[in-house]
Structure formats: C-alpha cells, structure tokens
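Note: the block below is model-v4.cif and it holds mmCIF, C-alpha atoms.
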```cif
data_work
loop_
_atom_site.label_atom_id
_atom_site.label_comp_id
_atom_site.auth_asym_id
_atom_site.auth_seq_id
_atom_site.Cartn_x
_atom_site.Cartn_y
_atom_site.Cartn_z
CA MET A 1 146.59 132.21 109.16
CA THR A 2 143.84 129.87 108.07
CA ALA A 3 144.46 126.19 108.76
CA PRO A 4 144.44 124.00 105.64
CA ALA A 5 141.23 122.11 105.04
CA GLN A 6 141.33 118.52 106.22
CA PRO A 7 140.53 115.90 103.59
CA PRO A 8 137.35 113.93 104.29
CA ALA A 9 137.81 110.61 106.04
CA THR A 10 137.72 107.60 103.74
CA PRO A 11 134.67 105.46 104.53
CA ASP A 12 135.39 101.94 105.71
CA LEU A 13 133.26 99.60 103.61
CA LEU A 14 134.83 96.35 104.81
CA TYR A 15 133.56 94.07 107.56
CA SER A 16 135.63 93.65 110.72
CA GLN A 17 136.20 90.28 112.33
CA ASP A 18 133.80 91.24 115.15
CA GLU A 19 131.13 92.03 112.57
CA GLU A 20 131.66 88.69 110.84
CA ASP A 21 131.41 86.89 114.17
CA LEU A 22 128.17 88.73 114.89
CA ARG A 23 126.90 87.76 111.43
CA SER A 24 127.66 84.09 112.08
CA ALA A 25 125.79 84.13 115.39
CA VAL A 26 122.72 85.86 113.95
CA ARG A 27 122.67 83.67 110.83
CA ALA A 28 122.88 80.49 112.89
CA LEU A 29 120.02 81.65 115.13
CA LEU A 30 117.81 82.58 112.21
CA ALA A 31 118.59 79.33 110.37
CA ASP A 32 117.42 77.45 113.44
CA ARG A 33 114.41 79.56 114.41
CA ALA A 34 113.31 81.40 111.25
CA ASP A 35 113.74 79.11 108.26
CA ALA A 36 111.39 79.48 105.29
CA PRO A 37 108.65 77.04 106.43
CA THR A 38 108.60 78.67 109.88
CA VAL A 39 108.30 82.19 108.48
CA ILE A 40 105.58 81.18 106.01
CA ALA A 41 103.62 79.52 108.82
CA ALA A 42 104.05 82.61 110.99
CA THR A 43 102.60 84.89 108.31
CA GLU A 44 99.50 82.70 108.24
CA SER A 45 98.95 83.09 111.98
CA ASP A 46 97.57 85.98 114.03
CA THR A 47 100.91 86.45 115.81
CA PRO A 48 103.82 86.48 113.32
CA TYR A 49 106.39 87.31 115.99
CA ASP A 50 108.16 84.56 117.89
CA PRO A 51 108.87 85.87 121.42
CA GLN A 52 111.57 83.27 121.98
CA LEU A 53 113.34 84.24 118.76
CA TRP A 54 113.24 87.90 119.81
CA ALA A 55 114.52 87.04 123.30
CA SER A 56 117.45 85.12 121.79
CA LEU A 57 118.26 87.81 119.21
CA ALA A 58 117.78 90.82 121.45
CA GLY A 59 118.98 89.52 124.80
CA GLY A 60 120.94 86.35 124.09
CA ILE A 61 123.07 87.77 121.29
CA GLY A 62 122.68 91.33 122.56
CA ALA A 63 121.61 92.74 119.19
CA ALA A 64 118.93 95.03 120.64
CA GLY A 65 121.48 97.11 122.52
CA LEU A 66 124.10 97.57 119.82
CA LEU A 67 123.41 101.31 119.45
CA VAL A 68 123.04 101.95 123.18
CA PRO A 69 126.12 103.03 125.21
CA GLU A 70 127.34 100.64 127.88
CA LYS A 71 126.59 103.15 130.65
CA LEU A 72 122.92 102.93 129.68
CA GLY A 73 122.88 99.13 129.58
CA GLY A 74 123.73 98.54 125.94
CA GLN A 75 126.61 97.03 123.98
CA GLY A 76 128.23 100.32 123.01
CA ALA A 77 128.68 99.24 119.39
CA SER A 78 127.65 101.23 116.31
CA HIS A 79 125.46 101.37 113.24
CA ARG A 80 127.95 99.15 111.41
CA GLU A 81 127.15 96.22 113.68
CA ALA A 82 123.42 96.95 113.58
CA ALA A 83 123.66 96.96 109.78
CA VAL A 84 125.08 93.42 109.86
CA VAL A 85 122.11 92.24 111.94
CA LEU A 86 119.72 93.82 109.45
CA GLU A 87 121.50 92.18 106.52
CA GLU A 88 120.83 88.80 108.11
CA LEU A 89 117.24 89.69 108.96
CA GLY A 90 116.81 90.68 105.31
CA ARG A 91 118.22 87.32 104.22
CA SER A 92 115.63 85.47 106.29
CA VAL A 93 112.77 88.03 106.21
CA ALA A 94 112.21 87.00 109.82
CA PRO A 95 109.33 88.81 111.57
CA ALA A 96 111.22 90.77 114.24
CA PRO A 97 110.81 94.39 115.39
CA TYR A 98 114.53 95.09 115.15
CA LEU A 99 114.47 97.97 112.67
CA THR A 100 111.58 99.77 114.32
CA SER A 101 112.54 99.23 117.97
CA SER A 102 116.31 98.69 118.14
CA VAL A 103 117.16 101.25 115.46
CA VAL A 104 114.50 103.93 114.91
CA ALA A 105 112.99 104.15 118.40
CA THR A 106 116.38 103.66 120.06
CA GLU A 107 118.09 106.29 117.91
CA THR A 108 115.27 108.74 118.60
CA LEU A 109 115.72 108.30 122.34
CA LEU A 110 119.51 108.57 122.06
CA ALA A 111 119.12 111.88 120.23
CA LEU A 112 117.44 113.32 123.32
CA GLY A 113 120.81 113.09 125.08
CA ALA A 114 119.34 112.08 128.44
CA GLU A 115 121.64 110.19 130.83
CA ASP A 116 118.94 109.70 133.45
CA GLY A 117 115.19 109.99 133.75
CA PRO A 118 112.46 108.16 131.81
CA ALA A 119 114.20 108.27 128.41
CA ALA A 120 117.40 106.71 129.78
CA ALA A 121 115.42 104.09 131.70
CA LEU A 122 113.48 103.16 128.57
CA LEU A 123 116.73 102.88 126.59
CA GLY A 124 118.01 100.35 129.12
CA GLU A 125 114.85 98.28 128.75
CA LEU A 126 115.05 98.37 124.95
CA ALA A 127 118.75 97.43 125.04
CA SER A 128 118.03 94.33 127.11
CA GLY A 129 115.21 93.25 124.83
CA ALA A 130 112.81 93.23 127.76
CA ARG A 131 110.58 95.74 126.00
CA THR A 132 110.07 97.06 122.49
CA ALA A 133 109.07 100.51 121.29
CA VAL A 134 108.03 102.07 118.00
CA LEU A 135 107.98 105.62 116.76
CA ALA A 136 104.32 106.37 116.07
CA VAL A 137 104.68 107.80 112.56
CA PRO A 138 103.62 106.26 109.25
CA PHE A 139 106.17 103.74 107.97
CA ALA A 140 106.44 105.71 104.73
CA THR A 141 107.67 108.89 106.48
CA ALA A 142 110.94 110.17 105.02
CA PRO A 143 113.54 111.76 107.33
CA ALA A 144 113.16 115.13 105.62
CA GLY A 145 109.38 114.92 105.87
CA ALA A 146 109.20 114.20 109.58
CA ALA A 147 106.63 116.40 111.34
CA ALA A 148 104.38 116.05 114.35
CA GLY A 149 101.14 114.62 113.01
CA LEU A 150 99.15 115.17 116.21
CA ALA A 151 98.54 118.31 118.21
CA SER A 152 98.32 116.31 121.44
CA LEU A 153 97.72 112.75 122.60
CA ASP A 154 94.45 112.62 120.71
CA GLY A 155 94.07 111.40 117.15
CA THR A 156 94.99 108.54 114.86
CA VAL A 157 98.24 107.65 113.14
CA ARG A 158 97.93 105.07 110.37
CA GLY A 159 100.51 102.72 108.90
CA VAL A 160 102.73 102.37 111.98
CA ALA A 161 105.03 99.37 111.53
CA ASP A 162 105.25 96.83 114.35
CA ALA A 163 102.86 98.80 116.55
CA ALA A 164 100.87 95.67 117.39
CA ALA A 165 103.91 94.09 119.04
CA ALA A 166 105.22 97.21 120.80
CA ASP A 167 105.17 97.78 124.53
CA VAL A 168 105.75 101.54 124.26
CA LEU A 169 104.74 104.10 121.64
CA LEU A 170 106.92 107.15 121.07
CA VAL A 171 104.40 109.74 119.92
CA PRO A 172 105.64 113.04 118.43
CA THR A 173 103.12 115.84 118.94
CA ALA A 174 103.11 119.62 118.64
CA GLU A 175 103.78 119.68 122.39
CA GLY A 176 106.80 117.36 122.23
CA LEU A 177 107.68 113.67 122.28
CA TYR A 178 105.65 111.43 124.56
CA ALA A 179 106.23 107.87 125.71
CA VAL A 180 102.86 106.11 125.89
CA GLU A 181 102.28 102.61 127.19
CA ALA A 182 100.60 100.51 124.51
CA SER A 183 98.41 98.95 127.21
CA ASP A 184 97.01 102.35 128.26
CA PRO A 185 93.18 102.42 128.13
CA GLY A 186 93.36 105.44 125.84
CA VAL A 187 95.34 103.54 123.19
CA ALA A 188 93.74 101.38 120.50
CA VAL A 189 95.98 99.54 118.02
CA SER A 190 94.05 98.21 115.02
CA PRO A 191 95.90 95.89 112.63
CA LEU A 192 95.87 96.78 108.95
CA VAL A 193 96.27 94.41 106.01
CA PRO A 194 99.85 94.92 104.77
CA LEU A 195 101.51 93.75 101.58
CA ASP A 196 104.40 92.39 103.65
CA LEU A 197 102.93 90.00 106.20
CA THR A 198 106.31 89.68 107.97
CA ARG A 199 106.15 93.33 109.09
CA PRO A 200 102.60 94.11 110.25
CA LEU A 201 101.17 97.62 110.06
CA ALA A 202 98.56 99.11 112.35
CA ALA A 203 96.52 102.22 113.00
CA VAL A 204 97.19 103.76 116.41
CA ALA A 205 94.25 105.68 117.86
CA LEU A 206 94.83 107.83 120.94
CA THR A 207 91.91 109.07 123.01
CA GLY A 208 93.06 111.00 126.03
CA ALA A 209 95.97 108.64 126.60
CA ALA A 210 98.34 109.26 129.48
CA GLY A 211 101.97 109.70 128.45
CA THR A 212 105.32 110.82 129.78
CA LEU A 213 106.72 113.92 128.10
CA LEU A 214 110.30 113.14 127.13
CA ALA A 215 111.27 116.32 125.29
CA ASP A 216 109.89 119.64 124.06
CA ALA A 217 108.77 120.20 120.49
CA ASP A 218 112.07 121.48 119.06
CA THR A 219 114.19 118.76 120.67
CA SER A 220 111.76 116.02 119.70
CA ALA A 221 111.62 117.21 116.07
CA THR A 222 115.39 116.90 115.81
CA ALA A 223 115.32 113.51 117.55
CA VAL A 224 112.61 112.14 115.26
CA ARG A 225 114.53 113.20 112.16
CA ARG A 226 117.65 111.49 113.50
CA GLY A 227 115.71 108.33 114.24
CA LEU A 228 114.20 108.23 110.76
CA LEU A 229 117.57 108.99 109.18
CA ALA A 230 119.11 105.99 110.97
CA GLY A 231 116.13 103.87 109.98
CA ALA A 232 116.42 104.81 106.32
CA GLY A 233 120.19 104.30 106.33
CA LEU A 234 120.09 100.85 107.92
CA LEU A 235 117.04 99.79 105.92
CA ALA A 236 119.48 99.77 102.98
CA SER A 237 121.33 96.94 104.72
CA GLU A 238 118.10 94.97 105.04
CA GLN A 239 117.47 95.55 101.33
CA LEU A 240 121.02 94.35 100.64
CA GLY A 241 120.31 91.14 102.56
CA ILE A 242 117.12 90.58 100.54
CA ALA A 243 118.98 91.06 97.25
CA GLU A 244 121.87 88.79 98.27
CA TRP A 245 119.54 85.94 99.24
CA CYS A 246 117.57 86.28 96.01
CA LEU A 247 120.72 86.24 93.88
CA THR A 248 122.27 83.30 95.75
CA GLU A 249 119.12 81.19 95.59
CA THR A 250 118.51 82.00 91.94
CA VAL A 251 122.04 80.98 90.94
CA ARG A 252 121.72 77.78 92.97
CA TYR A 253 118.35 76.88 91.43
CA THR A 254 119.43 77.56 87.83
CA ARG A 255 122.44 75.30 88.32
CA GLU A 256 120.22 72.44 89.49
CA ARG A 257 117.28 72.90 87.12
CA HIS A 258 117.87 71.16 83.77
CA GLN A 259 116.22 71.75 80.44
CA PHE A 260 117.25 70.22 77.10
CA ASN A 261 119.72 68.15 79.14
CA ARG A 262 121.53 71.31 80.29
CA PRO A 263 121.39 73.42 83.47
CA VAL A 264 119.17 76.39 82.68
CA GLY A 265 121.81 78.61 84.24
CA SER A 266 124.11 77.80 81.34
CA PHE A 267 121.84 79.59 78.86
CA GLN A 268 123.51 82.81 77.81
CA SER A 269 120.46 85.02 78.27
CA LEU A 270 120.09 83.90 81.90
CA LYS A 271 123.82 84.32 82.49
CA HIS A 272 123.53 87.94 81.39
CA ARG A 273 120.58 88.59 83.69
CA MET A 274 122.32 87.11 86.72
CA ALA A 275 125.61 88.85 85.92
CA GLN A 276 123.77 92.18 85.78
CA LEU A 277 122.08 91.40 89.07
CA TRP A 278 125.44 90.55 90.65
CA LEU A 279 126.81 93.94 89.61
CA GLU A 280 123.80 95.65 91.15
CA VAL A 281 124.19 93.74 94.42
CA VAL A 282 127.88 94.62 94.67
CA SER A 283 127.06 98.29 94.15
CA ALA A 284 124.23 98.07 96.69
CA ARG A 285 126.65 96.64 99.24
CA ALA A 286 128.97 99.60 98.79
CA ALA A 287 126.11 102.09 99.15
CA ALA A 288 124.64 100.37 102.22
CA ARG A 289 128.01 100.03 103.93
CA ASN A 290 128.80 103.67 103.21
CA ALA A 291 125.53 104.76 104.83
CA ALA A 292 126.15 102.59 107.90
CA ASP A 293 129.71 103.89 108.24
CA ALA A 294 128.59 107.52 107.87
CA LEU A 295 126.00 107.04 110.61
CA ALA A 296 128.50 105.24 112.85
CA THR A 297 131.12 107.99 112.52
CA HIS A 298 128.55 110.82 112.78
CA SER A 299 129.78 112.12 109.45
CA PRO A 300 128.33 115.46 108.29
CA ASP A 301 127.73 113.67 104.98
CA ALA A 302 125.44 111.08 106.63
CA PRO A 303 122.20 112.53 105.16
CA LEU A 304 123.71 112.38 101.66
CA ALA A 305 125.08 108.86 102.19
CA VAL A 306 121.68 107.67 103.45
CA ALA A 307 119.84 109.29 100.55
CA VAL A 308 122.20 107.70 98.02
CA ALA A 309 121.85 104.27 99.66
CA GLN A 310 118.06 104.39 99.70
CA ALA A 311 117.81 105.80 96.18
CA TYR A 312 119.81 102.80 94.90
CA CYS A 313 119.28 99.84 97.23
CA SER A 314 115.50 100.10 97.11
CA GLY A 315 115.37 99.33 93.40
CA VAL A 316 118.03 96.63 93.59
CA ALA A 317 116.09 94.68 96.21
CA VAL A 318 112.90 94.81 94.14
CA HIS A 319 114.72 93.83 90.95
CA ALA A 320 116.51 90.91 92.66
CA ALA A 321 113.24 89.63 94.14
CA GLU A 322 111.45 89.90 90.79
CA GLU A 323 114.25 88.00 89.04
CA CYS A 324 114.15 85.37 91.78
CA VAL A 325 110.45 84.76 91.24
CA GLN A 326 110.72 84.71 87.44
CA LEU A 327 113.85 82.56 87.13
CA HIS A 328 112.45 79.97 89.53
CA GLY A 329 109.71 79.41 86.95
CA GLY A 330 106.46 77.91 88.17
CA ILE A 331 107.82 77.01 91.59
CA GLY A 332 108.58 80.67 92.23
CA MET A 333 104.87 81.47 91.96
CA THR A 334 103.79 79.02 94.66
CA TRP A 335 102.88 79.98 98.21
CA GLU A 336 105.08 77.21 99.58
CA HIS A 337 108.26 78.71 98.09
CA PRO A 338 109.61 81.71 100.05
CA ALA A 339 110.31 83.87 96.97
CA HIS A 340 107.03 85.75 97.40
CA LEU A 341 108.05 86.76 100.94
CA TYR A 342 111.16 88.47 99.59
CA LEU A 343 109.27 90.22 96.81
CA LYS A 344 106.66 91.52 99.24
CA ARG A 345 109.30 92.67 101.73
CA ALA A 346 111.30 94.38 98.97
CA LYS A 347 108.21 96.15 97.63
CA ALA A 348 107.13 97.25 101.10
CA ASP A 349 110.66 98.43 101.93
CA SER A 350 110.76 100.45 98.71
CA ILE A 351 108.34 103.00 100.18
CA ALA A 352 109.51 102.77 103.81
CA TYR A 353 111.15 105.91 105.23
CA GLY A 354 110.70 107.62 101.88
CA THR A 355 110.51 106.40 98.30
CA ALA A 356 113.53 106.14 96.03
CA GLY A 357 112.23 109.22 94.23
CA SER A 358 112.14 111.30 97.40
CA HIS A 359 115.67 110.22 98.24
CA ARG A 360 116.88 111.09 94.73
CA GLN A 361 115.39 114.52 95.28
CA ALA A 362 117.24 114.73 98.59
CA VAL A 363 120.50 113.81 96.83
CA ALA A 364 119.96 116.60 94.31
CA GLU A 365 119.25 119.14 97.05
CA LEU A 366 122.15 118.07 99.28
CA ALA A 367 124.60 118.03 96.38
CA GLU A 368 123.76 121.67 95.63
CA LEU A 369 124.66 122.83 99.14
CA PRO A 370 127.73 125.10 99.23
CA ALA A 371 130.88 123.62 100.72
CA PRO A 372 131.45 124.70 104.35
#
```
The structure in this file should be written as structure tokens.
Amino acid sequence: MTAPAQPPATPDLLYSQDEEDLRSAVRALLADRADAPTVIAATESDTPYDPQLWASLAGGIGAAGLLVPEKLGGQGASHREAAVVLEELGRSVAPAPYLTSSVVATETLLALGAEDGPAAALLGELASGARTAVLAVPFATAPAGAAAGLASLDGTVRGVADAAAADVLLVPTAEGLYAVEASDPGVAVSPLVPLDLTRPLAAVALTGAAGTLLADADTSATAVRRGLLAGAGLLASEQLGIAEWCLTETVRYTRERHQFNRPVGSFQSLKHRMAQLWLEVVSARAAARNAADALATHSPDAPLAVAVAQAYCSGVAVHAAEECVQLHGGIGMTWEHPAHLYLKRAKADSIAYGTAGSHRQAVAELAELPAP
C-alpha cells in the first residue's frame, strides 16, 4: 500500500526573536562604524574595508560563523540568520566581505562534507573571522552556469568579488577544488574598476600557484553550485535591505521637503509612486524570506525559491534606488548624499550570481519538472 503524499511544509516568513536581536546588534554596529560619511570616505580610499569593523561583525557578533556547525567552530545557526545580517549590510551598503566569504565560500566548503582535514580547518578559521576566503569565479556566475573555468592552477579569472581582501582563494578547476593562499608567489590579484565601489572586483591570475586539493572534480562541481545557490538566495536579502532603506529615506525626505507651502510627499502623484514601491518591497520581503527559509530547511524547492527571489528582488532594489535618487531631487544627485551608493550597489547586484532574466528562465524550467 502506497503511503499518502505528505503536504509540503509551509515556509516560515516571519522573524524570530533571536533574529530580531541579531538584527539590533548588527544595525547598532553598522550605525556606529559604517554610517554614510564613513562609507563614502572609504570608497574614495585604496582600502574600502575596515578591518576593525569586520573583526567586530565576524568575531565580536559571531556573524561569520552563522552557517558553520558548532563542532567546526561556528554558531550552528542557519541561512535565516545570515539573511538578517545581509539585510542590514544592504541597508548600510557597508564594504564587508560577508556575502562572498561567510556565505558563498563557507557554503562551498560545507558542501564538501569534511569533518576534518584542510577544508574543516579552513571553515573554523572563516567562522572565527580570522581569515576570509572567496570562490574564484566571476561575480556574475549563476548557480546553473557554474563550471570550472580553469584546467589547472594556471590562468586568469576576471570579475572576482572581494578577491583583493581575501586570504584564501577557492579555485574550481577541471582537476577539482583547490584552496590557494592569496599571498602565494604564483597569485596576482589586480583590482578592476567596478560600478559599485563598496564591493571591489579583481582579476585573479594564477601562474603555477601551489594549492591544496580539497575535492575531486565531481564533488567540487556540486559544492560550487551549492555555494552559488546560497549566494544568490541570500543576495535577495541584501537587495531587500537596499530597497527598504531607499523607501524609508525617501518617505522621510518627502515629508520634510516643502514646496508651495506643502510637504512634497503630500502630492498625489508622489504618494502613488511611494505606495507602489511599498507594495514591491513587501513582496520582495516575502520572496527573500522564502528563499532563506528554503535554504535553511534544505527544501527540495530551494532552487525554485532562490530563482523566484532573484528574478523579483533584483528589479525591486534597482527601482527603489532609482526612485530614491529622483525623489530626493537635486540633493540625490550629489556625491555627498549616499543615494548613489545604493543605486550602484543595486545595479551591481542585479547581475551578480545571474541576471533576473537567467533566473526567470530557471523558474520556467524548474516549474516544468514533473512532480516526484
């Protein structure tokens, strides 16, 4: 007798008290160490990252180890908590390698399933915040399009996010996944000029570099796809944070700015634009939370949830940032106002880990799969 099919679990889109407490701690830290003038000044320097901010976020709060099990030195939390951190990083557009190191690189290493050896040791170092790592693939690589770009540890990979600040490079090759020290003489990291100055890009050139083989080709291919899937899913939470900040600041400004002896926010045309934006942000929150919950619960629908979140949240973040710039009027066009940082981050995020179009295609393909 065949057992009746179990109904799918209902996703939990709400925030727990622990998640709200984590949000408060991260928001307070970023308000103190990554306010708008500080971030703007950092983008004008050669070193946008603040090591003390990263030490406080990664080690002090323990955010770097949220995805790492306690037995490997982490916090043993889930993607839901990591999503909250990324929402707050999106709100402040703080230059921090959290998405690339604490999510993508960490998830890739976790997918190897090692409980000892070099991969497990590196996970412990990433969880403590003592070191950072990046997956050496172009930032625009979609989860479904992940493939080893190099035959061996020789060649160049362009457009690697946060490579300039990384201690370790996880390099997928046709031979397998290697861990390469960024300080190795055979590694050259050349900064590129990015649109988003708060998340630097670089070209990574390998010339006979020495590396530690962490996994064979088949295992590493699966691990890289899992890492990119987690990155794309939690990037939606960063995009949500961008959109929420833009909406909040736009509403605040239009209440204070007066024209014809009235707040400009009272004009009906602007009310309609902000009401539409609010609806989009609410929908983006649902999509981003669904993706984080699906990743946290290892749902078989996680690829679909991630594709839906990216297909929607990407456009919402860009639209919110554009409205923020426009509705701030002339002040929104100035370098001193942070609106341009959010627009640049939203535009850069819109092609990270796959474009909205590629994710819409993934939704169409996944939706056509036969039910198990």
Quick one: which residues end up in the PyMOL selection byres ((chain A and resi 24-37) around 8) for this structure, as a PyMOL selection string? chain A and resi 20-23+38-41+53+56-57+61+85+88-89+92+94+336-338
Please report the interatomic distance between CA of Ala307 (chain A) and CA of Glu81 (chain A) in Å with one decimal.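 Here the two named atoms are 19.9 Å from each other.
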Provide an axis-aligned box for all listed atoms of region 344-350 of chain A, padding each side by 6 Å; report its centre and its edge lengths in Å to one decimal, as JSON.
```
{"center_x": 109.0, "center_y": 96.0, "center_z": 99.8, "size_x": 16.6, "size_y": 20.9, "size_z": 16.3}
```
Two-atom distance - CA of Ala296 (chain A), CA of His79 (chain A) (Å): 4.9 Å
Using the chain letters and numbering of this document, enumerate as an MDAnalysis selection string the residues selected by the PyMOL selection byres ((chain A and resi 308) around 8). chainID A and resid 287 304:307 309:312 359:360 363
If the PyMOL selection byres ((chain A and resi 106) around 12) were run on this exact file, what residues would it hold? Put them as a PyMOL selection string. chain A and resi 64-69+72+74+79+82+97-105+107-113+119-129+131-135+168-170+223-224+226-228+230-231
Anything within 12 Å of (98.1, 96.5, 104.4): list those residues as a JSON list (two decimals) with C-alpha atoms, keeping the file's coordinate frame, counting all atoms listed in the file and sticking to the file's coordinates.
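Final output, saved to selection15.json:
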```json
[["chain", "number", "residue", "atom", "x", "y", "z"],
["A", 139, "PHE", "CA", 106.17, 103.74, 107.97],
["A", 158, "ARG", "CA", 97.93, 105.07, 110.37],
["A", 159, "GLY", "CA", 100.51, 102.72, 108.90],
["A", 160, "VAL", "CA", 102.73, 102.37, 111.98],
["A", 161, "ALA", "CA", 105.03, 99.37, 111.53],
["A", 190, "SER", "CA", 94.05, 98.21, 115.02],
["A", 191, "PRO", "CA", 95.90, 95.89, 112.63],
["A", 192, "LEU", "CA", 95.87, 96.78, 108.95],
["A", 193, "VAL", "CA", 96.27, 94.41, 106.01],
["A", 194, "PRO", "CA", 99.85, 94.92, 104.77],
["A", 195, "LEU", "CA", 101.51, 93.75, 101.58],
["A", 196, "ASP", "CA", 104.40, 92.39, 103.65],
["A", 197, "LEU", "CA", 102.93, 90.00, 106.20],
["A", 198, "THR", "CA", 106.31, 89.68, 107.97],
["A", 199, "ARG", "CA", 106.15, 93.33, 109.09],
["A", 200, "PRO", "CA", 102.60, 94.11, 110.25],
["A", 201, "LEU", "CA", 101.17, 97.62, 110.06],
["A", 202, "ALA", "CA", 98.56, 99.11, 112.35],
["A", 203, "ALA", "CA", 96.52, 102.22, 113.00],
["A", 344, "LYS", "CA", 106.66, 91.52, 99.24],
["A", 348, "ALA", "CA", 107.13, 97.25, 101.10]]
```
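The two atoms in question, CA of Val251 (chain A) and CA of Cys324 (chain A), are spaced 9.1 Å apart.
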Contacts of Ser237 (chain A) within 10 Å, all atoms listed in the file, excl. fewer than 3 positions in-chain, as a PyMOL selection string: chain A and resi 80+82-90+232-234+240-243+284-285+287-289+291-292+309-310+313
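Each of A:Gly332, A:Gly149, A:Pro172, A:Gly315 was compared to Asp216 (chain A) using only C-alpha atoms, and A:Pro172 turns out to be the nearest.
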Under the rule that all atoms listed in the file are counted, which of A:Met333, A:Leu229, A:Val157, A:Val325 is the nearest residue to Ala294 (chain A)?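 Going through A:Met333, A:Leu229, A:Val157, A:Val325 one by one, the smallest distance to Ala294 (chain A) is for A:Leu229.
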Determine, counting all atoms listed in the file, which protein, DNA and RNA residues have an atom within 6 Å of an atom of Val204 (chain A); residues of the same chain fewer than 2 positions away are not included. Present the result as a ChimeraX atom specification. /A:156-157,188-189
Identify, on the basis of only C-alpha atoms, every residue whose closest approach to Glu181 (chain A) does not exceed 10 Å; exclude the query and any residue fewer than 2 positions from it along the same chain; express the result as a PyMOL selection string. chain A and resi 133+166-170+178-179+183-187+209-212
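Checking A:Ser78, A:Gln276, A:Thr43, A:Thr207 one by one against Leu150 (chain A), counting only C-alpha atoms, you find the shortest gap at A:Thr207.
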Excluding same-chain residues fewer than 6 positions from Leu13 (chain A), what lies within 8 Å of it counting only C-alpha atoms, as a PyMOL selection string? chain A and resi 286+289-290+293
For region 201-225 of chain A, supply N, CA and C atoms and format the output as a CSV table (one decimal), keeping the file's coordinate frame.
```csv
chain,number,residue,atom,x,y,z
A,201,LEU,N,101.5,96.2,109.9
A,201,LEU,CA,101.2,97.6,110.1
A,201,LEU,C,99.9,97.7,110.9
A,202,ALA,N,99.7,98.9,111.5
A,202,ALA,CA,98.6,99.1,112.4
A,202,ALA,C,98.2,100.6,112.4
A,203,ALA,N,97.0,100.9,112.7
A,203,ALA,CA,96.5,102.2,113.0
A,203,ALA,C,96.5,102.4,114.5
A,204,VAL,N,97.1,103.5,115.0
A,204,VAL,CA,97.2,103.8,116.4
A,204,VAL,C,96.3,104.9,116.7
A,205,ALA,N,95.2,104.7,117.5
A,205,ALA,CA,94.2,105.7,117.9
A,205,ALA,C,94.4,106.0,119.3
A,206,LEU,N,94.6,107.3,119.6
A,206,LEU,CA,94.8,107.8,120.9
A,206,LEU,C,93.6,108.7,121.3
A,207,THR,N,93.1,108.3,122.5
A,207,THR,CA,91.9,109.1,123.0
A,207,THR,C,92.2,109.4,124.5
A,208,GLY,N,92.8,110.6,124.7
A,208,GLY,CA,93.1,111.0,126.0
A,208,GLY,C,94.0,110.1,126.7
A,209,ALA,N,95.0,109.6,126.0
A,209,ALA,CA,96.0,108.6,126.6
A,209,ALA,C,96.9,109.4,127.5
A,210,ALA,N,97.4,108.7,128.6
A,210,ALA,CA,98.3,109.3,129.5
A,210,ALA,C,99.7,108.9,129.0
A,211,GLY,N,100.6,109.9,128.9
A,211,GLY,CA,102.0,109.7,128.4
A,211,GLY,C,103.0,110.5,129.2
A,212,THR,N,104.2,110.1,129.1
A,212,THR,CA,105.3,110.8,129.8
A,212,THR,C,106.0,111.7,128.8
A,213,LEU,N,106.1,113.0,129.0
A,213,LEU,CA,106.7,113.9,128.1
A,213,LEU,C,108.2,113.8,128.2
A,214,LEU,N,108.9,113.4,127.1
A,214,LEU,CA,110.3,113.1,127.1
A,214,LEU,C,111.1,114.3,126.7
A,215,ALA,N,110.5,115.2,125.8
A,215,ALA,CA,111.3,116.3,125.3
A,215,ALA,C,110.3,117.3,124.7
A,216,ASP,N,110.7,118.6,124.6
A,216,ASP,CA,109.9,119.6,124.1
A,216,ASP,C,109.8,119.5,122.5
A,217,ALA,N,109.1,120.3,121.9
A,217,ALA,CA,108.8,120.2,120.5
A,217,ALA,C,110.0,120.3,119.6
A,218,ASP,N,110.9,121.3,119.9
A,218,ASP,CA,112.1,121.5,119.1
A,218,ASP,C,113.0,120.3,119.2
A,219,THR,N,113.3,119.9,120.4
A,219,THR,CA,114.2,118.8,120.7
A,219,THR,C,113.6,117.5,120.1
A,220,SER,N,112.3,117.3,120.2
A,220,SER,CA,111.8,116.0,119.7
A,220,SER,C,111.8,116.0,118.2
A,221,ALA,N,111.6,117.2,117.5
A,221,ALA,CA,111.6,117.2,116.1
A,221,ALA,C,113.0,116.8,115.5
A,222,THR,N,114.0,117.3,116.2
A,222,THR,CA,115.4,116.9,115.8
A,222,THR,C,115.6,115.4,116.1
A,223,ALA,N,115.1,114.9,117.2
A,223,ALA,CA,115.3,113.5,117.6
A,223,ALA,C,114.6,112.6,116.6
A,224,VAL,N,113.4,113.0,116.2
A,224,VAL,CA,112.6,112.1,115.3
A,224,VAL,C,113.3,112.1,113.9
A,225,ARG,N,113.8,113.2,113.4
A,225,ARG,CA,114.5,113.2,112.2
A,225,ARG,C,115.8,112.3,112.2
```
